[in-house]
Amino acid sequence: MDFKTSKKLFSEAQKYIPGGVNSPVRAFKSVGGSPLFIERGSGSKFYDADGNEFIDYIGSWGPHLFGHNPEFIKSELLKNIERGTSFGAPTLLEVEMARLITELVPSVEMVRMVNSGTEATMSAIRVARGFTRKEKIIKFEGCYHGHADHFLIKAGSGALTFGMPTSPGITKGNAEDTLVADFNDISSVKKLISANINNIAAIIIEPVAGNMGVLKADIAFVKELREICSNDNIILIFDEVMTGFRVAKGGAQELLGINPDLTTFGKIIGGGLPVGAFGGRKDIMEILAPSGPVYQAGTLSGNPLAMSAGIAALNYIKTNTDIYNLLENKSEYLEQGFKDNLNKLNRKYCLNRVGSMMCMFFTEELVFDYKTAVKSDTSLYAAYFHEMLNRGIYLAPAQFETMFISTAHTDKDLDYTIKMQYESLKAII
Ligand code: HOZ
């Protein structure tokens, strides 16, 4: 495959944009090579500046549950763009969006719209601190909750990929207020709580972690978290920016059967436009200004175009109840195909999947937390990534990310991907 134009664009980009990209993982640094510049997408595919076609398994890192540019979202956007792009005043669309989220996710009684997942998690923590009048938070090693200061401590995603899970630029104060426990290990949580009696405002977790590869929290572990939080006046926050409306209509909390106090959203609820939201118990959410004293605001929050795309996505989910079965069937088929390939090649690499989120780790050990995730051979992943790319399959350009399957992936796409995976693995192991 020829990537000449993308390479040229990348050197031009590096003159004006730090590292040539607006989000680090896109730069291909951990897999080597030069990032592709994408021109357009349709359904399960996108096309780069050199005219190469790829079956896309990133889906813009999660939003594209229905593939690229589905007609029912595009038509809503086109209709709404005629009315204007932003007003900085309430619109009916915001009410419609809030109503839909609260209807689909029962633990959410009230919701506030923001512009990104980072903004959602950052604001949810402020609300938890304001509500409990306590300061420290507990997060889990390898979980990623966006790039606000208090989350870039032992974080996942790009921070983990680039070997800087704790970023420079974070103050000592911030670092001291963020306590880090081990994913799926309740004793590590209990230890932190007993060392910080009456000073933990919130525990935040990705109930299905998608930023150290894919890992599912054990139900028993999350149940204990729920109990501890209820007993100790700690706000339990589920970060469902990735999993919300992806792993089930009601997100990971529906799969687990456990309600958090607050939930953060992003990705799918914007239908591919920049959006985030946080919501939960009414008594907690009402502490937000202007009904309460905790300040949070945004010029483009509830933006009408983002709302119209998101509403179209959520209405589709609401009325097409079979889409999660469809996603499960497609994802299971792909997983089984990958497993068969691994068997044929006599490898037992760990393949983790929750619904349409999947990740193959280049380790034969079980992966259930940060320490087991980082056992994956990342240089082998890099080689695998390029073998797949050259065969027209676009995976995340980093091991510690997620493969997203959409309703637009056809049987033909899946069969081709399985075939190419066999060839790619055979070429590198
Ligand atoms: N933080 C995202 C992956 N978990 C990457 C976002 C992007 O580069 O677009």
# chains A, B, ... in the order shown; residues from 1 in each chain; ligands from 1
call {"tool": "closest_atom_pairs", "arguments": {"of": "stretch 219-258 of chain A", "to": "stretch 97-103 of chain A", "cutoff": "10 Å", "atoms": "only C-alpha atoms", "output": "tab-separated table"}}
result
residue	atom	partner	partner_atom	distance
A:Gly244	CA	A:Ile101	CA	10.0
A:Phe245	CA	A:Ile101	CA	9.6
A:Gly250	CA	A:Ile101	CA	9.1
call {"tool": "write_last_selection", "arguments": {"atoms": "all heavy atoms", "output": "compact mmCIF listing (two decimals), in the first residue's frame"}}
result
# COMPACT_ATOMS: atom_id res chain seq x y z
N GLY A 244 -21.09 3.51 27.62
CA GLY A 244 -22.47 3.99 27.61
C GLY A 244 -23.10 3.79 26.24
O GLY A 244 -22.54 4.22 25.24
N PHE A 245 -24.24 3.12 26.19
CA PHE A 245 -24.98 2.84 24.95
C PHE A 245 -24.17 1.97 23.98
O PHE A 245 -24.57 1.79 22.84
CB PHE A 245 -25.43 4.14 24.27
CG PHE A 245 -26.16 5.05 25.22
CD1 PHE A 245 -25.52 6.14 25.79
CD2 PHE A 245 -27.47 4.77 25.58
CE1 PHE A 245 -26.19 6.95 26.71
CE2 PHE A 245 -28.14 5.57 26.50
CZ PHE A 245 -27.49 6.66 27.06
N GLY A 250 -28.38 0.28 28.42
CA GLY A 250 -28.15 1.01 29.68
C GLY A 250 -26.69 0.99 30.10
O GLY A 250 -26.39 1.27 31.26
call {"tool": "select_by_dssp", "arguments": {"residues": "stretch 250-414 of chain A", "states": "alpha helix (DSSP H)", "output": "ChimeraX atom specification"}}
result
/A:251-256,282-285,304-319,323-344,370-373,378-390,411-414
call {"tool": "select_by_dssp", "arguments": {"residues": "stretch 236-396 of chain A", "states": "strand (DSSP E)", "output": "list in words"}}
result
Leu236, Ile237, Phe238, Asp239, Leu262, Thr263, Thr264, Phe265, Gly266, Gly276, Ala277, Phe278, Gly279, Gly280, Cys350, Leu351, Asn352, Arg353, Val354, Met357, Met358, Cys359, Met360, Phe361, Ile393 and Tyr394 of chain A
call {"tool": "write_last_selection", "arguments": {"atoms": "C-alpha atoms", "output": "PDB file, in the first residue's frame"}}
result
ATOM      1  CA  LEU A 236     -19.537   5.982  43.164  1.00  0.00           C
ATOM      2  CA  ILE A 237     -18.891   7.222  39.632  1.00  0.00           C
ATOM      3  CA  PHE A 238     -19.024   4.938  36.608  1.00  0.00           C
ATOM      4  CA  ASP A 239     -17.076   6.339  33.705  1.00  0.00           C
ATOM      5  CA  LEU A 262     -23.087   9.370  38.999  1.00  0.00           C
ATOM      6  CA  THR A 263     -22.283   8.331  35.434  1.00  0.00           C
ATOM      7  CA  THR A 264     -20.193  10.051  32.791  1.00  0.00           C
ATOM      8  CA  PHE A 265     -20.939   9.763  29.079  1.00  0.00           C
ATOM      9  CA  GLY A 266     -19.483  10.840  25.740  1.00  0.00           C
ATOM     10  CA  GLY A 276     -20.001  14.663  26.889  1.00  0.00           C
ATOM     11  CA  ALA A 277     -22.469  14.441  29.749  1.00  0.00           C
ATOM     12  CA  PHE A 278     -22.619  13.550  33.402  1.00  0.00           C
ATOM     13  CA  GLY A 279     -25.638  12.676  35.437  1.00  0.00           C
ATOM     14  CA  GLY A 280     -27.088  10.595  38.230  1.00  0.00           C
ATOM     15  CA  CYS A 350      -5.508 -13.481  25.667  1.00  0.00           C
ATOM     16  CA  LEU A 351      -8.560 -12.181  23.846  1.00  0.00           C
ATOM     17  CA  ASN A 352     -10.850 -10.047  26.008  1.00  0.00           C
ATOM     18  CA  ARG A 353     -14.253  -9.018  24.769  1.00  0.00           C
ATOM     19  CA  VAL A 354     -17.292  -7.313  26.267  1.00  0.00           C
ATOM     20  CA  MET A 357     -15.406  -3.941  22.553  1.00  0.00           C
ATOM     21  CA  MET A 358     -12.534  -6.354  22.047  1.00  0.00           C
ATOM     22  CA  CYS A 359      -8.772  -6.488  22.537  1.00  0.00           C
ATOM     23  CA  MET A 360      -6.127  -9.094  21.824  1.00  0.00           C
ATOM     24  CA  PHE A 361      -3.136  -8.998  24.165  1.00  0.00           C
ATOM     25  CA  ILE A 393      -7.696  -3.470   8.303  1.00  0.00           C
ATOM     26  CA  TYR A 394      -7.427  -0.412  10.542  1.00  0.00           C
TER      27      TYR A 394
END
call {"tool": "residues_around", "arguments": {"residues": "A:Asn174", "least_positions_apart": "4", "cutoff": "12 Å", "atoms": "only C-alpha atoms", "output": "mmCIF file with N, CA, C and O atoms, in the first residue's frame"}}
result
data_model
loop_
_atom_site.group_PDB
_atom_site.id
_atom_site.type_symbol
_atom_site.label_atom_id
_atom_site.label_comp_id
_atom_site.auth_asym_id
_atom_site.auth_seq_id
_atom_site.Cartn_x
_atom_site.Cartn_y
_atom_site.Cartn_z
ATOM 1 N N GLU A 135 -12.326 15.656 49.974
ATOM 2 C CA GLU A 135 -11.411 16.084 48.911
ATOM 3 C C GLU A 135 -10.777 14.996 48.071
ATOM 4 O O GLU A 135 -10.556 15.159 46.882
ATOM 5 N N LYS A 136 -10.431 13.879 48.684
ATOM 6 C CA LYS A 136 -9.656 12.888 47.923
ATOM 7 C C LYS A 136 -10.560 12.012 47.061
ATOM 8 O O LYS A 136 -11.731 11.836 47.353
ATOM 9 N N ILE A 137 -9.950 11.480 45.996
ATOM 10 C CA ILE A 137 -10.700 10.534 45.160
ATOM 11 C C ILE A 137 -9.861 9.260 44.987
ATOM 12 O O ILE A 137 -8.637 9.292 45.110
ATOM 13 N N ALA A 148 -7.928 15.597 32.562
ATOM 14 C CA ALA A 148 -7.914 16.594 33.648
ATOM 15 C C ALA A 148 -6.811 16.219 34.639
ATOM 16 O O ALA A 148 -6.482 15.034 34.796
ATOM 17 N N ASP A 149 -6.245 17.246 35.321
ATOM 18 C CA ASP A 149 -5.071 17.034 36.176
ATOM 19 C C ASP A 149 -5.202 15.845 37.133
ATOM 20 O O ASP A 149 -4.301 15.029 37.245
ATOM 21 N N HIS A 150 -6.346 15.773 37.829
ATOM 22 C CA HIS A 150 -6.431 14.742 38.878
ATOM 23 C C HIS A 150 -6.583 13.325 38.327
ATOM 24 O O HIS A 150 -6.603 12.370 39.090
ATOM 25 N N PHE A 151 -6.715 13.193 36.987
ATOM 26 C CA PHE A 151 -6.832 11.826 36.439
ATOM 27 C C PHE A 151 -5.550 11.324 35.798
ATOM 28 O O PHE A 151 -5.447 10.154 35.466
ATOM 29 N N LEU A 152 -4.594 12.223 35.573
ATOM 30 C CA LEU A 152 -3.377 11.773 34.876
ATOM 31 C C LEU A 152 -2.345 11.212 35.855
ATOM 32 O O LEU A 152 -1.165 11.537 35.821
ATOM 33 N N ILE A 153 -2.857 10.411 36.739
ATOM 34 C CA ILE A 153 -2.021 9.725 37.711
ATOM 35 C C ILE A 153 -2.222 8.232 37.419
ATOM 36 O O ILE A 153 -3.343 7.736 37.509
ATOM 37 N N THR A 166 1.812 9.012 34.581
ATOM 38 C CA THR A 166 1.621 10.192 35.418
ATOM 39 C C THR A 166 2.335 11.336 34.708
ATOM 40 O O THR A 166 3.544 11.316 34.551
ATOM 41 N N SER A 167 1.571 12.307 34.270
ATOM 42 C CA SER A 167 2.137 13.342 33.392
ATOM 43 C C SER A 167 2.870 14.434 34.164
ATOM 44 O O SER A 167 2.429 14.848 35.230
ATOM 45 N N PRO A 168 3.977 14.965 33.589
ATOM 46 C CA PRO A 168 4.537 16.205 34.138
ATOM 47 C C PRO A 168 3.475 17.299 33.991
ATOM 48 O O PRO A 168 2.618 17.219 33.110
ATOM 49 N N GLY A 169 3.537 18.302 34.854
ATOM 50 C CA GLY A 169 2.552 19.382 34.771
ATOM 51 C C GLY A 169 1.410 19.183 35.755
ATOM 52 O O GLY A 169 0.516 20.016 35.862
ATOM 53 N N ILE A 170 1.425 18.056 36.458
ATOM 54 C CA ILE A 170 0.388 17.802 37.479
ATOM 55 C C ILE A 170 0.980 18.242 38.825
ATOM 56 O O ILE A 170 2.075 17.816 39.178
ATOM 57 N N THR A 178 -5.329 12.311 44.576
ATOM 58 C CA THR A 178 -5.789 11.157 43.787
ATOM 59 C C THR A 178 -5.111 9.895 44.312
ATOM 60 O O THR A 178 -3.902 9.739 44.202
ATOM 61 N N LEU A 179 -5.905 9.019 44.882
ATOM 62 C CA LEU A 179 -5.359 7.765 45.411
ATOM 63 C C LEU A 179 -5.598 6.681 44.367
ATOM 64 O O LEU A 179 -6.656 6.660 43.729
#
call {"tool": "residues_near_ligand", "arguments": {"ligand": "ligand 1", "cutoff": "9 Å", "atoms": "only C-alpha atoms and all ligand atoms", "output": "ChimeraX atom specification"}}
result
/A:21-27,60-62,144-147,156-159,210-212,242,396,400-402
call {"tool": "write_last_selection", "arguments": {"atoms": "N, CA, C and O atoms", "output": "CSV table (one decimal), in the first residue's frame"}}
result
chain,number,residue,atom,x,y,z
A,21,VAL,N,-0.3,16.0,15.6
A,21,VAL,CA,-1.7,15.5,15.8
A,21,VAL,C,-2.4,16.2,16.9
A,21,VAL,O,-1.7,16.9,17.7
A,22,ASN,N,-3.7,16.1,17.0
A,22,ASN,CA,-4.4,16.8,18.1
A,22,ASN,C,-4.8,15.8,19.2
A,22,ASN,O,-5.5,16.2,20.1
A,23,SER,N,-4.3,14.6,19.2
A,23,SER,CA,-4.5,13.7,20.3
A,23,SER,C,-3.4,12.6,20.1
A,23,SER,O,-3.2,12.1,19.0
A,24,PRO,N,-2.5,12.4,21.1
A,24,PRO,CA,-1.3,11.7,20.9
A,24,PRO,C,-1.4,10.3,20.3
A,24,PRO,O,-0.5,10.0,19.5
A,25,VAL,N,-2.4,9.5,20.7
A,25,VAL,CA,-2.4,8.1,20.2
A,25,VAL,C,-2.5,8.1,18.6
A,25,VAL,O,-2.0,7.1,18.0
A,26,ARG,N,-3.0,9.1,18.0
A,26,ARG,CA,-3.1,9.1,16.6
A,26,ARG,C,-1.8,9.1,15.8
A,26,ARG,O,-1.8,8.9,14.6
A,27,ALA,N,-0.7,9.5,16.5
A,27,ALA,CA,0.5,9.7,15.8
A,27,ALA,C,1.3,8.4,15.4
A,27,ALA,O,2.3,8.5,14.8
A,60,SER,N,-13.8,6.1,15.2
A,60,SER,CA,-13.5,7.3,15.9
A,60,SER,C,-13.4,7.1,17.4
A,60,SER,O,-13.8,8.0,18.2
A,61,TRP,N,-12.8,6.0,17.8
A,61,TRP,CA,-12.6,5.6,19.2
A,61,TRP,C,-13.9,5.5,20.0
A,61,TRP,O,-14.0,5.8,21.2
A,62,GLY,N,-14.9,5.0,19.3
A,62,GLY,CA,-16.1,4.7,20.1
A,62,GLY,C,-17.5,5.2,19.6
A,62,GLY,O,-18.5,4.6,19.7
A,144,TYR,N,-8.5,5.2,32.5
A,144,TYR,CA,-8.3,6.5,31.9
A,144,TYR,C,-9.6,7.3,31.9
A,144,TYR,O,-10.7,6.7,31.5
A,145,HIS,N,-9.6,8.5,32.5
A,145,HIS,CA,-10.8,9.3,32.6
A,145,HIS,C,-10.6,10.6,32.0
A,145,HIS,O,-11.1,11.6,32.5
A,146,GLY,N,-9.9,10.7,30.9
A,146,GLY,CA,-9.7,12.0,30.2
A,146,GLY,C,-8.4,12.6,30.8
A,146,GLY,O,-7.7,12.0,31.6
A,147,HIS,N,-8.1,13.8,30.4
A,147,HIS,CA,-6.8,14.4,30.7
A,147,HIS,C,-6.9,15.5,31.8
A,147,HIS,O,-5.9,16.3,31.8
A,156,GLY,N,-4.4,5.3,31.9
A,156,GLY,CA,-4.3,4.4,30.8
A,156,GLY,C,-4.3,5.2,29.5
A,156,GLY,O,-3.8,6.3,29.4
A,157,SER,N,-4.7,4.5,28.4
A,157,SER,CA,-4.7,5.1,27.0
A,157,SER,C,-3.4,5.6,26.6
A,157,SER,O,-2.4,5.0,26.9
A,158,GLY,N,-3.3,6.8,25.9
A,158,GLY,CA,-2.1,7.3,25.4
A,158,GLY,C,-1.1,7.5,26.5
A,158,GLY,O,0.1,7.3,26.3
A,159,ALA,N,-1.5,7.9,27.7
A,159,ALA,CA,-0.6,8.1,28.8
A,159,ALA,C,0.2,6.9,29.1
A,159,ALA,O,1.4,6.9,29.4
A,210,GLY,N,-11.5,0.3,29.1
A,210,GLY,CA,-11.2,0.3,27.6
A,210,GLY,C,-10.0,1.0,27.3
A,210,GLY,O,-9.7,1.3,26.1
A,211,ASN,N,-9.2,1.3,28.3
A,211,ASN,CA,-8.0,2.1,28.0
A,211,ASN,C,-6.7,1.5,28.5
A,211,ASN,O,-5.7,2.1,28.6
A,212,MET,N,-6.8,0.2,28.9
A,212,MET,CA,-5.6,-0.6,29.1
A,212,MET,C,-5.8,-1.9,28.3
A,212,MET,O,-5.6,-3.0,28.8
A,242,MET,N,-17.0,5.4,27.2
A,242,MET,CA,-16.9,4.4,26.1
A,242,MET,C,-18.0,3.4,26.1
A,242,MET,O,-18.5,3.0,25.1
A,396,ALA,N,-6.6,0.0,16.3
A,396,ALA,CA,-6.0,1.0,17.1
A,396,ALA,C,-4.5,1.0,17.0
A,396,ALA,O,-3.9,-0.1,17.1
A,400,PHE,N,-2.9,-0.7,24.1
A,400,PHE,CA,-3.8,-0.5,25.2
A,400,PHE,C,-5.0,0.3,24.9
A,400,PHE,O,-5.3,1.4,25.5
A,401,GLU,N,-5.7,-0.1,23.8
A,401,GLU,CA,-6.9,0.5,23.4
A,401,GLU,C,-7.9,-0.6,23.0
A,401,GLU,O,-7.7,-1.7,23.3
A,402,THR,N,-9.0,-0.2,22.4
A,402,THR,CA,-10.1,-1.1,22.2
A,402,THR,C,-10.4,-1.2,20.7
A,402,THR,O,-10.3,-0.2,20.0
call {"tool": "residues_around", "arguments": {"residues": "A:Ile200", "least_positions_apart": "2", "cutoff": "9 Å", "atoms": "only C-alpha atoms", "output": "MDAnalysis selection string"}}
result
chainID A and resid 129 132 134:138 193 196:198 202:203 232:235
call {"tool": "residues_around", "arguments": {"residues": "A:Ala383", "least_positions_apart": "2", "cutoff": "10 Å", "atoms": "only C-alpha atoms", "output": "MDAnalysis selection string"}}
result
chainID A and resid 31:32 378:381 385:389 424:425 427:429
call {"tool": "closest_residue", "arguments": {"among": "A:Gly51, A:Gly257, A:Gly130, A:Gly43", "to": "A:Pro293", "atoms": "only C-alpha atoms"}}
result
A:Gly130
call {"tool": "residues_around", "arguments": {"residues": "stretch 301-308 of chain A", "least_positions_apart": "5", "cutoff": "10 Å", "atoms": "only C-alpha atoms", "output": "ChimeraX atom specification"}}
result
/A:73-81,83-98,112-116,269-277,313-314
call {"tool": "write_last_selection", "arguments": {"atoms": "N, CA and C atoms", "output": "compact mmCIF listing (two decimals), in the first residue's frame"}}
result
# COMPACT_ATOMS: atom_id res chain seq x y z
N ILE A 73 -28.42 9.84 10.96
CA ILE A 73 -27.77 10.91 11.72
C ILE A 73 -27.48 12.09 10.78
N LYS A 74 -26.99 11.76 9.58
CA LYS A 74 -26.67 12.81 8.61
C LYS A 74 -27.91 13.67 8.31
N SER A 75 -29.05 13.04 8.12
CA SER A 75 -30.23 13.83 7.74
C SER A 75 -30.67 14.75 8.88
N GLU A 76 -30.54 14.29 10.14
CA GLU A 76 -30.89 15.16 11.28
C GLU A 76 -29.94 16.36 11.35
N LEU A 77 -28.65 16.09 11.09
CA LEU A 77 -27.67 17.17 11.12
C LEU A 77 -27.97 18.20 10.05
N LEU A 78 -28.26 17.72 8.86
CA LEU A 78 -28.54 18.63 7.75
C LEU A 78 -29.78 19.48 8.03
N LYS A 79 -30.76 18.83 8.63
CA LYS A 79 -32.01 19.56 8.95
C LYS A 79 -31.72 20.66 9.97
N ASN A 80 -30.93 20.32 10.99
CA ASN A 80 -30.71 21.27 12.08
C ASN A 80 -29.71 22.37 11.73
N ILE A 81 -28.80 22.10 10.82
CA ILE A 81 -27.81 23.12 10.47
C ILE A 81 -28.47 24.32 9.80
N ARG A 83 -31.00 25.72 10.88
CA ARG A 83 -31.59 26.59 11.92
C ARG A 83 -30.53 27.41 12.64
N GLY A 84 -29.26 27.07 12.44
CA GLY A 84 -28.19 27.79 13.14
C GLY A 84 -27.30 26.81 13.87
N THR A 85 -26.08 27.26 14.24
CA THR A 85 -25.11 26.31 14.79
C THR A 85 -24.96 26.39 16.31
N SER A 86 -25.27 27.54 16.90
CA SER A 86 -25.13 27.68 18.35
C SER A 86 -25.82 28.95 18.81
N PHE A 87 -26.47 28.91 19.96
CA PHE A 87 -27.21 30.09 20.42
C PHE A 87 -26.78 30.56 21.81
N GLY A 88 -26.15 29.69 22.58
CA GLY A 88 -25.81 30.08 23.95
C GLY A 88 -27.05 30.36 24.78
N ALA A 89 -28.13 29.74 24.41
CA ALA A 89 -29.40 29.86 25.14
C ALA A 89 -30.08 28.49 25.04
N PRO A 90 -30.98 28.17 25.99
CA PRO A 90 -31.57 26.83 25.97
C PRO A 90 -32.32 26.51 24.67
N THR A 91 -32.28 25.24 24.29
CA THR A 91 -33.07 24.78 23.14
C THR A 91 -33.86 23.54 23.55
N LEU A 92 -34.89 23.27 22.79
CA LEU A 92 -35.73 22.09 23.01
C LEU A 92 -34.89 20.80 22.90
N LEU A 93 -33.88 20.86 22.02
CA LEU A 93 -33.07 19.66 21.79
C LEU A 93 -32.37 19.18 23.07
N GLU A 94 -31.96 20.13 23.91
CA GLU A 94 -31.28 19.76 25.16
C GLU A 94 -32.21 19.01 26.10
N VAL A 95 -33.47 19.44 26.11
CA VAL A 95 -34.46 18.78 26.98
C VAL A 95 -34.72 17.37 26.45
N GLU A 96 -34.83 17.29 25.14
CA GLU A 96 -35.07 15.99 24.49
C GLU A 96 -33.91 15.02 24.80
N MET A 97 -32.68 15.53 24.69
CA MET A 97 -31.50 14.70 24.97
C MET A 97 -31.50 14.22 26.43
N ALA A 98 -31.73 15.14 27.36
CA ALA A 98 -31.72 14.79 28.78
C ALA A 98 -32.81 13.75 29.08
N ARG A 112 -26.34 16.72 32.94
CA ARG A 112 -25.85 17.98 32.36
C ARG A 112 -24.96 17.68 31.17
N MET A 113 -25.18 18.42 30.09
CA MET A 113 -24.40 18.21 28.87
C MET A 113 -23.12 19.06 28.91
N VAL A 114 -22.03 18.45 28.44
CA VAL A 114 -20.76 19.17 28.29
C VAL A 114 -20.22 18.84 26.89
N ASN A 115 -18.93 19.14 26.67
CA ASN A 115 -18.42 19.00 25.30
C ASN A 115 -17.45 17.86 25.06
N SER A 116 -17.04 17.17 26.12
CA SER A 116 -16.13 16.03 25.94
C SER A 116 -16.22 15.12 27.16
N ILE A 269 -23.31 9.40 22.49
CA ILE A 269 -24.38 10.39 22.69
C ILE A 269 -24.18 11.66 21.87
N GLY A 270 -23.05 11.74 21.14
CA GLY A 270 -22.85 12.89 20.25
C GLY A 270 -22.95 12.49 18.79
N GLY A 271 -23.24 11.22 18.52
CA GLY A 271 -23.37 10.76 17.14
C GLY A 271 -22.16 11.11 16.29
N GLY A 272 -20.98 11.28 16.93
CA GLY A 272 -19.77 11.61 16.17
C GLY A 272 -19.40 13.08 16.26
N LEU A 273 -20.22 13.87 16.96
CA LEU A 273 -19.85 15.28 17.20
C LEU A 273 -19.31 15.41 18.63
N PRO A 274 -18.57 16.51 18.91
CA PRO A 274 -17.96 16.63 20.24
C PRO A 274 -19.03 16.78 21.33
N VAL A 275 -19.04 15.86 22.26
CA VAL A 275 -20.04 15.91 23.32
C VAL A 275 -19.61 15.10 24.54
N GLY A 276 -20.17 15.45 25.67
CA GLY A 276 -20.00 14.66 26.89
C GLY A 276 -21.20 14.96 27.76
N ALA A 277 -21.38 14.17 28.81
CA ALA A 277 -22.47 14.44 29.75
C ALA A 277 -22.16 13.74 31.06
N ALA A 313 -28.99 9.23 17.32
CA ALA A 313 -28.37 7.96 17.73
C ALA A 313 -29.19 7.29 18.84
N LEU A 314 -29.56 8.07 19.85
CA LEU A 314 -30.28 7.47 20.99
C LEU A 314 -31.69 7.02 20.60
call {"tool": "closest_residue", "arguments": {"among": "A:Asp377, A:Asp261, A:Asp411, A:Glu240", "to": "A:Phe131", "atoms": "only C-alpha atoms"}}
result
A:Asp261
call {"tool": "closest_residue", "arguments": {"among": "A:Ser42, A:Asn52, A:Thr118, A:Ser6", "to": "A:Phe66", "atoms": "only C-alpha atoms"}}
result
A:Ser42
call {"tool": "closest_residue", "arguments": {"among": "A:Leu334, A:Val367, A:Ile311, A:Ala195", "to": "A:Ala217", "atoms": "only C-alpha atoms"}}
result
A:Val367
call {"tool": "atom_distance", "arguments": {"atom1": "atom CA of A:Ser188", "atom2": "atom CA of A:Arg281"}}
result
26.9 Å
call {"tool": "residues_around", "arguments": {"residues": "A:Asp48", "least_positions_apart": "3", "cutoff": "7 Å", "atoms": "only C-alpha atoms", "output": "list in words"}}
result
Leu36, Phe37, Ile38, Glu39, Gly51, Asn52 and Glu53 of chain A
call {"tool": "atom_distance", "arguments": {"atom1": "atom CA of A:Asn346", "atom2": "atom CA of A:Asp369"}}
result
24.9 Å
